[in-house]
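Chemist: Have a look at the structure that comes next, please.
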Amino acid sequence: MKHTCPHCGEKTISPIKKAFAGNPKAKGTVCPNCGKRSTNELKSAIFHNIINAIALVFCVYAYVNLIAMETAIYMAISIVGAFVITHLVDAFFFKLVPAIRLDFD
Ligand SMILES: [Zn+2]
């Protein structure tokens, strides 16, 4: 199931491309049909911030409460986990919007 390009209305953006299209401040992904850029909507960026904040809290908790080896493992899990969760959610949820930045063309 591909996502609809906000420029031409065709279903051209794959979930993988959308997962890495980034937030409205990013360069986004290029539509193979019309060649214009689009990014994930602002709600996606807010979701990223929330998940990253939780991961940061988890990192601090691990740092304060666990012994060295466990701390490293739990920090890695929270950082990788936050990355995987945010990109997976971007792949299947939230809308694509036209990219704001024009300095990549
Ligand atoms: Zn398009």
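In the structure tokens, chains take letters A, B, ... by order of appearance, with residues numbered from 1 within each chain and ligands from 1 in the order shown.
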Could you report the residues within 10 Å of ligand 1, using only C-alpha atoms and all ligand atoms, as a list in words?
Modeler: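 Residues lying within 10 Å of ligand 1: Thr4, Cys5, Pro6, His7, Cys8, Gly9, Glu10, Lys11, Thr12, Ile13, Val30, Cys31, Pro32, Asn33, Cys34, Gly35, Lys36, Arg37, Ser38 and Pro98 of chain A.
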Chemist: Please, could you write that set of residues out with N, CA and C atoms as an mmCIF file, in the first residue's frame?
Modeler:
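Output contents, as saved in out_34.cif:
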```cif
data_model
loop_
_atom_site.group_PDB
_atom_site.id
_atom_site.type_symbol
_atom_site.label_atom_id
_atom_site.label_comp_id
_atom_site.auth_asym_id
_atom_site.auth_seq_id
_atom_site.Cartn_x
_atom_site.Cartn_y
_atom_site.Cartn_z
ATOM 1 N N THR A 4 -0.205 8.542 -0.769
ATOM 2 C CA THR A 4 -0.557 9.514 -1.803
ATOM 3 C C THR A 4 0.371 10.722 -1.775
ATOM 4 N N CYS A 5 0.911 11.054 -2.931
ATOM 5 C CA CYS A 5 1.752 12.254 -3.066
ATOM 6 C C CYS A 5 0.868 13.495 -2.903
ATOM 7 N N PRO A 6 1.245 14.444 -2.045
ATOM 8 C CA PRO A 6 0.428 15.641 -1.829
ATOM 9 C C PRO A 6 0.460 16.621 -3.007
ATOM 10 N N HIS A 7 1.366 16.394 -3.942
ATOM 11 C CA HIS A 7 1.469 17.299 -5.094
ATOM 12 C C HIS A 7 0.571 16.841 -6.242
ATOM 13 N N CYS A 8 0.732 15.581 -6.673
ATOM 14 C CA CYS A 8 0.008 15.108 -7.856
ATOM 15 C C CYS A 8 -1.157 14.183 -7.519
ATOM 16 N N GLY A 9 -1.274 13.752 -6.246
ATOM 17 C CA GLY A 9 -2.414 12.928 -5.856
ATOM 18 C C GLY A 9 -2.295 11.461 -6.227
ATOM 19 N N GLU A 10 -1.141 11.059 -6.786
ATOM 20 C CA GLU A 10 -0.947 9.658 -7.145
ATOM 21 C C GLU A 10 -0.364 8.890 -5.965
ATOM 22 N N LYS A 11 -0.688 7.591 -5.874
ATOM 23 C CA LYS A 11 -0.147 6.759 -4.796
ATOM 24 C C LYS A 11 1.232 6.255 -5.212
ATOM 25 N N THR A 12 2.241 7.075 -4.939
ATOM 26 C CA THR A 12 3.588 6.771 -5.436
ATOM 27 C C THR A 12 4.639 6.580 -4.347
ATOM 28 N N ILE A 13 4.345 6.983 -3.099
ATOM 29 C CA ILE A 13 5.365 6.952 -2.049
ATOM 30 C C ILE A 13 5.255 5.662 -1.242
ATOM 31 N N VAL A 30 11.345 12.294 -2.735
ATOM 32 C CA VAL A 30 10.927 12.751 -4.061
ATOM 33 C C VAL A 30 9.884 11.807 -4.652
ATOM 34 N N CYS A 31 8.808 12.369 -5.185
ATOM 35 C CA CYS A 31 7.759 11.596 -5.854
ATOM 36 C C CYS A 31 8.265 11.161 -7.224
ATOM 37 N N PRO A 32 8.219 9.855 -7.551
ATOM 38 C CA PRO A 32 8.705 9.394 -8.862
ATOM 39 C C PRO A 32 7.809 9.839 -10.019
ATOM 40 N N ASN A 33 6.582 10.242 -9.710
ATOM 41 C CA ASN A 33 5.658 10.675 -10.758
ATOM 42 C C ASN A 33 5.866 12.146 -11.142
ATOM 43 N N CYS A 34 5.836 13.035 -10.117
ATOM 44 C CA CYS A 34 5.922 14.472 -10.433
ATOM 45 C C CYS A 34 7.264 15.093 -10.064
ATOM 46 N N GLY A 35 8.117 14.364 -9.317
ATOM 47 C CA GLY A 35 9.450 14.864 -8.996
ATOM 48 C C GLY A 35 9.508 15.903 -7.889
ATOM 49 N N LYS A 36 8.361 16.168 -7.230
ATOM 50 C CA LYS A 36 8.361 17.154 -6.153
ATOM 51 C C LYS A 36 8.576 16.474 -4.804
ATOM 52 N N ARG A 37 9.061 17.287 -3.846
ATOM 53 C CA ARG A 37 9.388 16.740 -2.531
ATOM 54 C C ARG A 37 8.222 16.837 -1.558
ATOM 55 N N SER A 38 8.132 15.830 -0.672
ATOM 56 C CA SER A 38 7.143 15.886 0.404
ATOM 57 C C SER A 38 7.748 15.296 1.669
ATOM 58 N N PRO A 98 3.471 18.664 1.357
ATOM 59 C CA PRO A 98 4.519 19.233 0.497
ATOM 60 C C PRO A 98 5.689 19.736 1.348
#
```
Chemist: Just want the 9 Å neighbourhood of Phe93 of chain A, counted on only C-alpha atoms, with same-chain residues fewer than 4 positions away dropped. Output as a list in words.
Modeler: Ser44, Leu88 and Val89 of chain A
Chemist: I'd like the contact shell of Phe47 of chain A - 10 Å cut-off, only C-alpha atoms, skipping same-chain residues fewer than 4 positions apart - returned as a PyMOL selection string.
Modeler: chain A and resi 42-43+51-53+86+89-90+94
Chemist: I'd like the neighbourhood of Thr71 of chain A as a PDB file with N, CA and C atoms, in the first residue's frame, where a residue qualifies if any of its atoms comes within 10 Å (using only C-alpha atoms), though same-chain residues fewer than 5 positions away should be ignored.
Modeler:
```pdb
ATOM      1  N   CYS A  59      16.916   6.469  29.340  1.00  0.00           N
ATOM      2  CA  CYS A  59      18.383   6.513  29.393  1.00  0.00           C
ATOM      3  C   CYS A  59      18.860   7.037  30.740  1.00  0.00           C
ATOM      4  N   VAL A  60      18.267   8.127  31.203  1.00  0.00           N
ATOM      5  CA  VAL A  60      18.651   8.728  32.484  1.00  0.00           C
ATOM      6  C   VAL A  60      18.363   7.750  33.625  1.00  0.00           C
ATOM      7  N   TYR A  61      17.189   7.106  33.543  1.00  0.00           N
ATOM      8  CA  TYR A  61      16.818   6.123  34.560  1.00  0.00           C
ATOM      9  C   TYR A  61      17.861   5.003  34.619  1.00  0.00           C
ATOM     10  N   ALA A  62      18.246   4.497  33.437  1.00  0.00           N
ATOM     11  CA  ALA A  62      19.222   3.413  33.376  1.00  0.00           C
ATOM     12  C   ALA A  62      20.567   3.872  33.935  1.00  0.00           C
ATOM     13  N   TYR A  63      20.933   5.113  33.604  1.00  0.00           N
ATOM     14  CA  TYR A  63      22.217   5.658  34.045  1.00  0.00           C
ATOM     15  C   TYR A  63      22.283   5.788  35.563  1.00  0.00           C
ATOM     16  N   VAL A  64      21.172   6.204  36.157  1.00  0.00           N
ATOM     17  CA  VAL A  64      21.128   6.446  37.598  1.00  0.00           C
ATOM     18  C   VAL A  64      20.955   5.163  38.406  1.00  0.00           C
ATOM     19  N   ASN A  65      20.159   4.236  37.861  1.00  0.00           N
ATOM     20  CA  ASN A  65      19.750   3.081  38.652  1.00  0.00           C
ATOM     21  C   ASN A  65      20.437   1.748  38.364  1.00  0.00           C
ATOM     22  N   LEU A  66      21.135   1.642  37.249  1.00  0.00           N
ATOM     23  CA  LEU A  66      21.675   0.338  36.885  1.00  0.00           C
ATOM     24  C   LEU A  66      23.203   0.323  36.924  1.00  0.00           C
ATOM     25  N   ALA A  76      21.185   1.532  24.788  1.00  0.00           N
ATOM     26  CA  ALA A  76      21.172   1.149  23.370  1.00  0.00           C
ATOM     27  C   ALA A  76      19.762   0.749  22.948  1.00  0.00           C
ATOM     28  N   ILE A  77      19.085  -0.033  23.811  1.00  0.00           N
ATOM     29  CA  ILE A  77      17.723  -0.475  23.495  1.00  0.00           C
ATOM     30  C   ILE A  77      16.792   0.732  23.361  1.00  0.00           C
TER      31      ILE A  77
END
```
Chemist: Let me make sure I understand: among A:Asp103, A:Met75, A:Val97, A:Phe92, which one has the smallest atom-to-atom distance to Ile16 of chain A if we use only C-alpha atoms?
Modeler: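 The shortest atom-to-atom distance to Ile16 of chain A comes from A:Phe92.
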Chemist: From the DSSP assignment of the backbone, select every residue of segment 32-96 of chain A that is strand (DSSP E), and format the answer as a ChimeraX atom specification.
Modeler: /A:37-40,96
Chemist: Write out, as a compact mmCIF listing (two decimals), in the first residue's frame, the residues just selected, with N, CA and C atoms.
Modeler:
```txt
# COMPACT_ATOMS: atom_id res chain seq x y z
N ARG A 37 9.06 17.29 -3.85
CA ARG A 37 9.39 16.74 -2.53
C ARG A 37 8.22 16.84 -1.56
N SER A 38 8.13 15.83 -0.67
CA SER A 38 7.14 15.89 0.40
C SER A 38 7.75 15.30 1.67
N THR A 39 7.22 15.70 2.81
CA THR A 39 7.70 15.22 4.11
C THR A 39 6.51 14.75 4.93
N ASN A 40 6.81 14.17 6.09
CA ASN A 40 5.73 13.81 7.01
C ASN A 40 5.18 15.09 7.63
N LEU A 96 1.44 12.72 4.32
CA LEU A 96 2.56 13.40 3.67
C LEU A 96 2.09 14.80 3.31
```
Chemist: How many Å separate atom CA of Ala45 of chain A from atom CA of His3 of chain A?
Modeler: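 Separation between atom CA of Ala45 of chain A and atom CA of His3 of chain A: 17.8 Å.
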Chemist: Would you please give, as number ranges by chain, all residues of chain A that DSSP assigns to alpha helix (DSSP H) based on the backbone?
Modeler: A: 15-19, 42-65, 68-92
Chemist: Those selected residues, please, written with C-alpha atoms and delivered as a CSV table (one decimal), in the first residue's frame.
Modeler:
```
chain,number,residue,atom,x,y,z
A,15,PRO,CA,6.1,3.1,3.3
A,16,ILE,CA,10.0,2.8,3.3
A,17,LYS,CA,10.4,6.1,1.6
A,18,LYS,CA,7.8,7.7,3.8
A,19,ALA,CA,9.6,6.3,6.9
A,42,LEU,CA,3.9,18.2,11.8
A,43,LYS,CA,2.0,15.6,13.9
A,44,SER,CA,4.8,13.1,13.0
A,45,ALA,CA,7.5,15.5,14.3
A,46,ILE,CA,5.5,15.9,17.6
A,47,PHE,CA,5.2,12.1,17.9
A,48,HIS,CA,9.0,11.8,17.3
A,49,ASN,CA,9.7,14.4,20.1
A,50,ILE,CA,7.4,12.5,22.5
A,51,ILE,CA,9.1,9.1,21.8
A,52,ASN,CA,12.6,10.6,22.0
A,53,ALA,CA,11.7,12.3,25.3
A,54,ILE,CA,10.6,8.9,26.7
A,55,ALA,CA,13.8,7.3,25.4
A,56,LEU,CA,15.8,10.1,27.1
A,57,VAL,CA,14.0,9.5,30.4
A,58,PHE,CA,14.7,5.8,30.0
A,59,CYS,CA,18.4,6.5,29.4
A,60,VAL,CA,18.7,8.7,32.5
A,61,TYR,CA,16.8,6.1,34.6
A,62,ALA,CA,19.2,3.4,33.4
A,63,TYR,CA,22.2,5.7,34.0
A,64,VAL,CA,21.1,6.4,37.6
A,65,ASN,CA,19.8,3.1,38.7
A,68,ALA,CA,27.6,-0.2,34.0
A,69,MET,CA,26.9,-3.2,31.7
A,70,GLU,CA,23.2,-3.0,32.1
A,71,THR,CA,23.2,0.7,31.6
A,72,ALA,CA,24.9,0.4,28.2
A,73,ILE,CA,22.4,-2.2,27.1
A,74,TYR,CA,19.3,-0.4,28.2
A,75,MET,CA,20.5,2.9,26.7
A,76,ALA,CA,21.2,1.1,23.4
A,77,ILE,CA,17.7,-0.5,23.5
A,78,SER,CA,16.0,2.8,24.2
A,79,ILE,CA,17.9,4.7,21.5
A,80,VAL,CA,17.4,2.0,18.8
A,81,GLY,CA,13.9,1.3,20.0
A,82,ALA,CA,12.9,5.0,19.7
A,83,PHE,CA,14.4,5.1,16.2
A,84,VAL,CA,12.6,1.9,15.1
A,85,ILE,CA,9.2,3.0,16.6
A,86,THR,CA,9.2,6.5,15.1
A,87,HIS,CA,10.2,5.3,11.6
A,88,LEU,CA,7.7,2.4,11.7
A,89,VAL,CA,4.9,4.8,12.7
A,90,ASP,CA,6.0,7.2,9.9
A,91,ALA,CA,5.9,4.4,7.4
A,92,PHE,CA,2.2,3.6,8.1
```
